[in-house]
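Here's the structure we're looking at; comments come further down.
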2 protein chains.
Amino acid sequence: MPRMTAEERRESVIRAAMSEFARGGYHGTSTEAIARRVGVSQPYLFRLFPGKQAIFLAAANRCLEETRLLFEEACKDATSPDEANRMMAEAYLVDTDPEQLLFQMQIYVAVASAEAAGDHEFGRTIRESWLEFWDSVHLSLGADQEETTEFWAYGMLINTLLSLGFPADHRVWAGFHTTKPL
Amino acid sequence: MPRMTAEERRESVIRAAMSEFARGGYHGTSTEAIARRVGVSQPYLFRLFPGKQAIFLAAANRCLEETRLLFEEACKDATSPDEANRMMAEAYLVDTDPEQLLFQMQIYVAVASAEAAGDHEFGRTIRESWLEFWDSVHLSLGADQEETTEFWAYGMLINTLLSLGFPADHRVWAGFHTTKPL
DNA sequence: CGAGTAAGTTAGTGGCTACTCACTAACGAG
DNA sequence: CTCGTTAGTGAGTAGCCACTAACTTACTCG
């Protein structure tokens with residue numbers, strides 16, 4: 001069993017948590033499952049993070065940040081807003097791990113649940129990360145508010161269809177005027 | 001304590017389940033919470049339904065059906081696809097209980113979780129209900145696949161922004177070219 | 001009235017889960 | 001070598017959860 005620094009372990013935990021939370025969501029994922037995937041004892045997680053929610057939060061921020069960076073990378077050579085749009089859309093459908101898209105959905109509902117339970121701090125943090133993401137996309141697309149909204153709208157529909165488990169050749173995917181999904 | 005027929009009770013359970021599951025999702029909601037809201041003992045739920053998942057499924061199907069009927073009602077007097085679009089969009093933002101939109105999100109991620117856990121029957125049932133919904137909207141809008149897709153895309157973005165808890169006057173809502181949300 | 005039936009409860013159980021405490025093993029510096 | 005620090009574990013605990021079994025209460029109809 002290789003020894004790691006606490007920081008490296010935290011990194012492993014975040015990766016594992018992203019996968020596990022993507023599948024089960026916040027309440028449907030046990031810290032046990034995350035620890036098993038990391039290859040570490042379950043109580044040790046609580047020395048690396050103050051609690052389960054902190055693990056989820058770290059994973060969520062990482063997920064939003066990574067997708068944002070993917071977009072920024074994808075459209076960096078675009079010469080027009082329209083081309084940026086196409087490049088980012090393709091990156092979303094082709095280069096993004098489906099797990100990350102499912103995890104996005106889990107993040108969104110986790111915020112709603114936390115909010116309903118009276119925890120507003122959690123949502124505040126996620127919204128902040130998410131707005132950075134939104135603004136980054138907005139900037140990449142040029143300055144049109146409505147177009148950015150449309151871009152996000154299609155993105156959220158993709159997440160939903162994926163979450164519902166419709167295969168790539170199903171007719172619900174036929175109405176996209178951009179690239180077909182994987 | 002008024003006595004009801006089993007069928008009436010099942011109805012109450014479905015209403016209560018829709019509210020509770022909307023807040024907590026499948027794993028974050030206890031049957032205890034549902035029973036408390038109904039005003040009935042928790043074990044009695046298992047005489048009305050075979051299990052927790054059956055309750056969720058009944059509530060989910062009801063949610064999708066009700067939103068579908070709301071749309072059909074909203075656009076029944078429309079004279080053009082464009083007018084139908086506007087009427088349905090407004091109905092979604094104004095007349096739909098936000099709880100129902102949150103519950104929709106919970107349904108979507110619940111399917112993903114069930115699928116990941118090896119339960120494909122659950123998703124199959126939900127997808128069936130959801131396709132009826134999709135087709136109903138498609139029919140109301142006229143025969144254009146791409147326009148239906150766009151309509152759904154905006155709907156899913158609305159669900160997401162609501163789930164994330166952005167207030168109605170936040171700038172992320174500004175890019176919608178239809179009615180402003182409540 | 002009385003007896004069957006359907007609505008509803010109380011008490012309980014086994015299993016899981018987040019989190020704690022006390023401990024051990026490896027590494028690095030002097 | 002040794003001693004302090006840091007990575008990591010094993011054993012537990014209190015609480016919650018879905019679900020069961022056995023019982024009680026109310027309505028209904030002959």
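Letters for chains follow the order of the structure tokens (A, B, ...), residue numbers begin at 1 for each chain, and ligand numbers begin at 1 in the order shown.
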Please build the interface table for chain D against chain A with a cut-off of 9 Å, listing for each qualifying residue the nearest atom pair and the distance in Å to one decimal; count only C-alpha atoms (C1' of nucleotides), order rows by chain and increasing number, and write it as CSV.
```
residue,atom,partner,partner_atom,distance
D:DT6,C1',A:Thr5,CA,8.6
D:DA7,C1',A:Arg3,CA,6.9
D:DG8,C1',A:Tyr44,CA,7.0
D:DT9,C1',A:Ser41,CA,6.9
```
Write out, as an mmCIF file, in the first residue's frame, the residues just selected, with N, CA, C and O atoms (P, O5', C5', C4', C3', O3' and C1' of nucleotides).
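Result written to result-v7.cif:
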```cif
data_model
loop_
_atom_site.group_PDB
_atom_site.id
_atom_site.type_symbol
_atom_site.label_atom_id
_atom_site.label_comp_id
_atom_site.auth_asym_id
_atom_site.auth_seq_id
_atom_site.Cartn_x
_atom_site.Cartn_y
_atom_site.Cartn_z
ATOM 1 P P DT D 6 3.031 17.132 11.270
ATOM 2 O "O5'" DT D 6 2.528 16.147 10.135
ATOM 3 C "C5'" DT D 6 3.480 15.491 9.294
ATOM 4 C "C4'" DT D 6 2.936 14.154 8.851
ATOM 5 C "C3'" DT D 6 1.426 14.137 8.554
ATOM 6 O "O3'" DT D 6 1.256 13.602 7.258
ATOM 7 C "C1'" DT D 6 2.031 12.283 9.856
ATOM 8 P P DA D 7 -0.137 13.436 6.556
ATOM 9 O "O5'" DA D 7 -0.186 11.850 6.404
ATOM 10 C "C5'" DA D 7 0.667 11.238 5.454
ATOM 11 C "C4'" DA D 7 0.454 9.741 5.470
ATOM 12 C "C3'" DA D 7 -0.926 9.291 5.012
ATOM 13 O "O3'" DA D 7 -0.770 8.138 4.190
ATOM 14 C "C1'" DA D 7 -0.522 8.516 7.226
ATOM 15 P P DG D 8 -2.060 7.557 3.473
ATOM 16 O "O5'" DG D 8 -2.677 6.657 4.620
ATOM 17 C "C5'" DG D 8 -2.113 5.364 4.871
ATOM 18 C "C4'" DG D 8 -2.766 4.772 6.087
ATOM 19 C "C3'" DG D 8 -4.264 4.517 5.979
ATOM 20 O "O3'" DG D 8 -4.519 3.157 5.702
ATOM 21 C "C1'" DG D 8 -3.562 5.178 8.154
ATOM 22 P P DT D 9 -6.028 2.613 5.642
ATOM 23 O "O5'" DT D 9 -6.085 1.803 7.026
ATOM 24 C "C5'" DT D 9 -4.972 1.041 7.485
ATOM 25 C "C4'" DT D 9 -5.316 0.414 8.831
ATOM 26 C "C3'" DT D 9 -6.691 -0.240 8.885
ATOM 27 O "O3'" DT D 9 -6.557 -1.539 9.438
ATOM 28 C "C1'" DT D 9 -6.472 1.322 10.660
#
```
Sort by chain and increasing residue number a table of all residues of chain A within 9 Å of chain B, each with its closest pair of atoms and their distance in Å to one decimal, counting only C-alpha atoms, and write it as a tab-separated table.
```
residue	atom	partner	partner_atom	distance
A:Ala22	CA	B:Ser113	CA	8.1
A:Arg23	CA	B:Ser113	CA	5.2
A:Gly24	CA	B:Ser113	CA	5.1
A:Gly25	CA	B:Ser113	CA	7.5
A:Tyr26	CA	B:Gly28	CA	8.2
A:His27	CA	B:His27	CA	5.4
A:Gly28	CA	B:His27	CA	5.4
A:Leu102	CA	B:Ala112	CA	7.6
A:Met105	CA	B:Val109	CA	6.6
A:Gln106	CA	B:Val109	CA	6.5
A:Ile107	CA	B:Leu164	CA	8.5
A:Tyr108	CA	B:Leu164	CA	5.5
A:Val109	CA	B:Ser163	CA	5.9
A:Ala110	CA	B:Gly24	CA	8.2
A:Val111	CA	B:Leu164	CA	5.7
A:Ala112	CA	B:Ser163	CA	5.0
A:Ser113	CA	B:Gly24	CA	5.1
A:Ala114	CA	B:Gly24	CA	8.3
A:Glu115	CA	B:Gly165	CA	7.8
A:Ala116	CA	B:Arg23	CA	6.0
A:Ala117	CA	B:Arg23	CA	8.1
A:Gly123	CA	B:Leu164	CA	6.9
A:Arg124	CA	B:Gly165	CA	8.8
A:Ile126	CA	B:Leu164	CA	8.0
A:Arg127	CA	B:Leu164	CA	6.7
A:Leu131	CA	B:Val172	CA	8.5
A:Trp134	CA	B:Val172	CA	8.4
A:Asp144	CA	B:Gly175	CA	8.4
A:Gln145	CA	B:Gly175	CA	4.9
A:Glu146	CA	B:Gly175	CA	4.2
A:Glu147	CA	B:Gly175	CA	7.5
A:Thr148	CA	B:Gly175	CA	7.4
A:Thr149	CA	B:Gly175	CA	5.3
A:Glu150	CA	B:Tyr154	CA	7.2
A:Trp152	CA	B:Leu157	CA	6.8
A:Ala153	CA	B:Ala153	CA	4.7
A:Tyr154	CA	B:Ala153	CA	4.9
A:Gly155	CA	B:Ala153	CA	7.6
A:Met156	CA	B:Leu157	CA	5.5
A:Leu157	CA	B:Ala153	CA	4.8
A:Ile158	CA	B:Ala153	CA	8.1
A:Asn159	CA	B:Met156	CA	8.9
A:Thr160	CA	B:Tyr108	CA	6.5
A:Leu161	CA	B:Tyr108	CA	8.4
A:Leu162	CA	B:Ala112	CA	8.1
A:Ser163	CA	B:Ala112	CA	5.0
A:Leu164	CA	B:Tyr108	CA	5.5
A:Gly165	CA	B:Ala112	CA	6.7
A:Phe166	CA	B:Arg127	CA	7.9
A:Val172	CA	B:Thr149	CA	7.8
A:Trp173	CA	B:Thr149	CA	8.2
A:Ala174	CA	B:Gln145	CA	7.2
A:Gly175	CA	B:Glu146	CA	4.2
A:Phe176	CA	B:Glu146	CA	6.2
A:His177	CA	B:Glu146	CA	7.0
```
Do me a favour and pick out the residues of chain C within 9 Å of chain B, using only C-alpha atoms (C1' of nucleotides), as a tab-separated table (two decimals) with all heavy atoms, in the first residue's frame.
```tsv
chain	number	residue	atom	x	y	z
C	6	DA	P	-62.71	-6.62	2.25
C	6	DA	OP1	-63.36	-6.90	0.97
C	6	DA	OP2	-61.51	-7.39	2.68
C	6	DA	O5'	-62.31	-5.08	2.28
C	6	DA	C5'	-63.29	-4.11	2.63
C	6	DA	C4'	-62.68	-3.11	3.59
C	6	DA	O4'	-62.65	-3.68	4.93
C	6	DA	C3'	-61.22	-2.74	3.27
C	6	DA	O3'	-61.12	-1.32	3.20
C	6	DA	C2'	-60.41	-3.32	4.41
C	6	DA	C1'	-61.44	-3.28	5.54
C	6	DA	N9	-61.16	-4.22	6.62
C	6	DA	C8	-60.81	-5.54	6.52
C	6	DA	N7	-60.59	-6.12	7.68
C	6	DA	C5	-60.82	-5.12	8.60
C	6	DA	C6	-60.76	-5.09	10.01
C	6	DA	N6	-60.45	-6.16	10.75
C	6	DA	N1	-61.05	-3.91	10.62
C	6	DA	C2	-61.36	-2.85	9.87
C	6	DA	N3	-61.45	-2.75	8.54
C	6	DA	C4	-61.17	-3.94	7.96
C	7	DA	P	-59.76	-0.56	3.06
C	7	DA	OP1	-59.96	0.46	2.03
C	7	DA	OP2	-58.67	-1.57	2.94
C	7	DA	O5'	-59.62	0.16	4.47
C	7	DA	C5'	-60.57	1.15	4.83
C	7	DA	C4'	-60.18	1.78	6.15
C	7	DA	O4'	-60.07	0.73	7.13
C	7	DA	C3'	-58.82	2.48	6.13
C	7	DA	O3'	-58.91	3.67	6.91
C	7	DA	C2'	-57.88	1.45	6.75
C	7	DA	C1'	-58.79	0.74	7.74
C	7	DA	N9	-58.42	-0.65	7.99
C	7	DA	C8	-58.19	-1.63	7.06
C	7	DA	N7	-57.88	-2.80	7.59
C	7	DA	C5	-57.93	-2.57	8.96
C	7	DA	C6	-57.71	-3.42	10.07
C	7	DA	N6	-57.39	-4.71	9.97
C	7	DA	N1	-57.85	-2.88	11.30
C	7	DA	C2	-58.19	-1.58	11.40
C	7	DA	N3	-58.42	-0.69	10.42
C	7	DA	C4	-58.27	-1.26	9.22
C	8	DG	P	-57.73	4.74	6.82
C	8	DG	OP1	-58.28	6.05	7.22
C	8	DG	OP2	-57.01	4.58	5.55
C	8	DG	O5'	-56.78	4.22	8.00
C	8	DG	C5'	-57.15	4.50	9.33
C	8	DG	C4'	-56.33	3.67	10.27
C	8	DG	O4'	-56.46	2.26	9.96
C	8	DG	C3'	-54.82	3.91	10.25
C	8	DG	O3'	-54.45	4.86	11.24
C	8	DG	C2'	-54.22	2.53	10.53
C	8	DG	C1'	-55.44	1.63	10.70
C	8	DG	N9	-55.13	0.31	10.19
C	8	DG	C8	-55.02	-0.11	8.87
C	8	DG	N7	-54.72	-1.37	8.76
C	8	DG	C5	-54.60	-1.81	10.07
C	8	DG	C6	-54.29	-3.11	10.59
C	8	DG	O6	-54.03	-4.14	9.96
C	8	DG	N1	-54.29	-3.12	11.97
C	8	DG	C2	-54.57	-2.04	12.77
C	8	DG	N2	-54.50	-2.25	14.09
C	8	DG	N3	-54.88	-0.83	12.32
C	8	DG	C4	-54.87	-0.79	10.96
C	9	DT	P	-52.92	5.10	11.57
C	9	DT	OP1	-52.80	6.48	12.03
C	9	DT	OP2	-52.08	4.62	10.45
C	9	DT	O5'	-52.67	4.13	12.82
C	9	DT	C5'	-53.61	4.09	13.88
C	9	DT	C4'	-53.11	3.17	14.98
C	9	DT	O4'	-53.16	1.80	14.51
C	9	DT	C3'	-51.66	3.44	15.39
C	9	DT	O3'	-51.54	3.49	16.80
C	9	DT	C2'	-50.88	2.27	14.80
C	9	DT	C1'	-51.92	1.16	14.76
C	9	DT	N1	-51.64	0.24	13.63
C	9	DT	C2	-51.34	-1.07	13.88
C	9	DT	O2	-51.30	-1.55	15.00
C	9	DT	N3	-51.09	-1.83	12.77
C	9	DT	C4	-51.10	-1.40	11.44
C	9	DT	O4	-50.87	-2.17	10.52
C	9	DT	C5	-51.43	-0.01	11.26
C	9	DT	C7	-51.47	0.57	9.87
C	9	DT	C6	-51.67	0.74	12.34
```
| Surrounding residues of Asp82 of chain B excluding itself and chain neighbours under 4 positions, 12 Å, only C-alpha atoms (C1' of nucleotides), as a ChimeraX atom specification | /B:75,78,86-89,140-144,147-148,151,178
| request: In Å, rounded to a single decimal, give me how far atom CA of Leu101 of chain A is from atom CA of Ala74 of chain A. | output: 16.8 Å
Polymer residues at most 10 Å from DT20 of chain D, only C-alpha atoms (C1' of nucleotides), same-chain spacing of 4 or more positions, as a CSV table (one decimal) with all heavy atoms, in the first residue's frame:
```
chain,number,residue,atom,x,y,z
B,43,PRO,N,-46.0,2.4,8.8
B,43,PRO,CA,-46.1,1.1,8.3
B,43,PRO,C,-47.3,0.9,7.4
B,43,PRO,O,-47.3,0.0,6.5
B,43,PRO,CB,-46.3,0.2,9.6
B,43,PRO,CG,-45.6,1.0,10.6
B,43,PRO,CD,-45.9,2.4,10.3
B,46,PHE,N,-47.0,0.7,3.6
B,46,PHE,CA,-46.6,-0.6,3.0
B,46,PHE,C,-47.8,-1.5,2.8
B,46,PHE,O,-47.6,-2.6,2.2
B,46,PHE,CB,-45.5,-1.2,3.8
B,46,PHE,CG,-44.3,-0.4,3.7
B,46,PHE,CD1,-44.0,0.6,4.7
B,46,PHE,CD2,-43.3,-0.5,2.7
B,46,PHE,CE1,-42.9,1.4,4.7
B,46,PHE,CE2,-42.2,0.3,2.7
B,46,PHE,CZ,-42.0,1.3,3.7
C,12,DG,P,-41.7,-3.8,21.9
C,12,DG,OP1,-41.7,-4.8,22.9
C,12,DG,OP2,-41.3,-2.4,22.2
C,12,DG,O5',-40.9,-4.3,20.6
C,12,DG,C5',-41.4,-5.5,20.0
C,12,DG,C4',-40.8,-5.7,18.6
C,12,DG,O4',-41.3,-4.6,17.7
C,12,DG,C3',-39.2,-5.6,18.6
C,12,DG,O3',-38.7,-6.8,18.1
C,12,DG,C2',-39.0,-4.4,17.7
C,12,DG,C1',-40.2,-4.4,16.8
C,12,DG,N9,-40.5,-3.2,16.1
C,12,DG,C8,-40.7,-1.9,16.6
C,12,DG,N7,-40.8,-1.0,15.7
C,12,DG,C5,-40.7,-1.7,14.5
C,12,DG,C6,-40.8,-1.2,13.2
C,12,DG,O6,-41.0,0.0,12.8
C,12,DG,N1,-40.7,-2.2,12.3
C,12,DG,C2,-40.5,-3.5,12.6
C,12,DG,N2,-40.4,-4.4,11.6
C,12,DG,N3,-40.4,-4.0,13.8
C,12,DG,C4,-40.5,-3.0,14.7
C,13,DT,P,-37.2,-7.2,18.5
C,13,DT,OP1,-37.3,-8.4,19.4
C,13,DT,OP2,-36.5,-6.0,18.9
C,13,DT,O5',-36.6,-7.7,17.1
C,13,DT,C5',-37.5,-8.1,16.1
C,13,DT,C4',-36.8,-7.9,14.8
C,13,DT,O4',-37.2,-6.7,14.1
C,13,DT,C3',-35.2,-7.8,15.0
C,13,DT,O3',-34.6,-8.5,14.0
C,13,DT,C2',-35.0,-6.3,14.8
C,13,DT,C1',-36.0,-5.9,13.7
C,13,DT,N1,-36.4,-4.5,13.7
C,13,DT,C2,-36.7,-3.9,12.5
C,13,DT,O2,-36.6,-4.5,11.4
C,13,DT,N3,-37.0,-2.6,12.5
C,13,DT,C4,-37.2,-1.8,13.7
C,13,DT,O4,-37.5,-0.6,13.6
C,13,DT,C5,-36.9,-2.5,14.9
C,13,DT,C7,-37.0,-1.7,16.2
C,13,DT,C6,-36.5,-3.8,14.9
```
| said: For DC21 of chain C, find every residue with an atom within 10 Å (counting only C-alpha atoms (C1' of nucleotides)), except residues of its own chain fewer than 2 positions away, and show them as a PyMOL selection string. | reply: (chain C and resi 23) or (chain D and resi 11-12)
Those residues you just picked out, can you put them in a file as a PDB file, in the first residue's frame with C-alpha atoms (C1' of nucleotides)?
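To be explicit, this is the file written out as again_7.pdb:
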```
ATOM      1  C1'  DC C  23      -4.328   2.843  18.513  1.00  0.00           C
TER       2       DC C  23
ATOM      3  C1'  DA D  11     -13.399  -1.481  16.601  1.00  0.00           C
ATOM      4  C1'  DG D  12     -17.141   0.606  17.911  1.00  0.00           C
TER       5       DG D  12
END
```
| said: as JSON, numbers by chain, please: the residues near Phe71 of chain A (cut-off 8 Å, only C-alpha atoms (C1' of nucleotides), same-chain neighbours under 5 positions excluded). | reply: {"A": [88, 91, 92, 137]}
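When the distance limit is 12 Å and only C-alpha atoms (C1' of nucleotides) are what count, the residues near Arg15 of chain A, minus those fewer than 5 positions from it on the same chain, are Glu8, Arg9, Arg10, Glu20, Phe21, Ala22, Ile34, Ala35, Arg37, Val38, Ile55, Phe56, Ala58, Ala59, Ala60, Asn61, Arg62, Cys63, Glu66, Glu99, Gln100 and Phe103 of chain A.
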| said: Which of chain B end up as helix (DSSP H, G or I) when DSSP is run on this backbone - answer as number ranges by chain? | reply: B: 6-24, 31-38, 42-48, 52-74, 81-95, 98-116, 120-140, 145-164, 171-173
| Atomic separation - atom CA of Pro98 of chain B relative to atom CA of His138 of chain A, Å | 26.7 Å
| note | Closest of D:DC27, D:DA22, D:DC16, D:DG10 to DA22 of chain C, counting only C-alpha atoms (C1' of nucleotides), is D:DG10
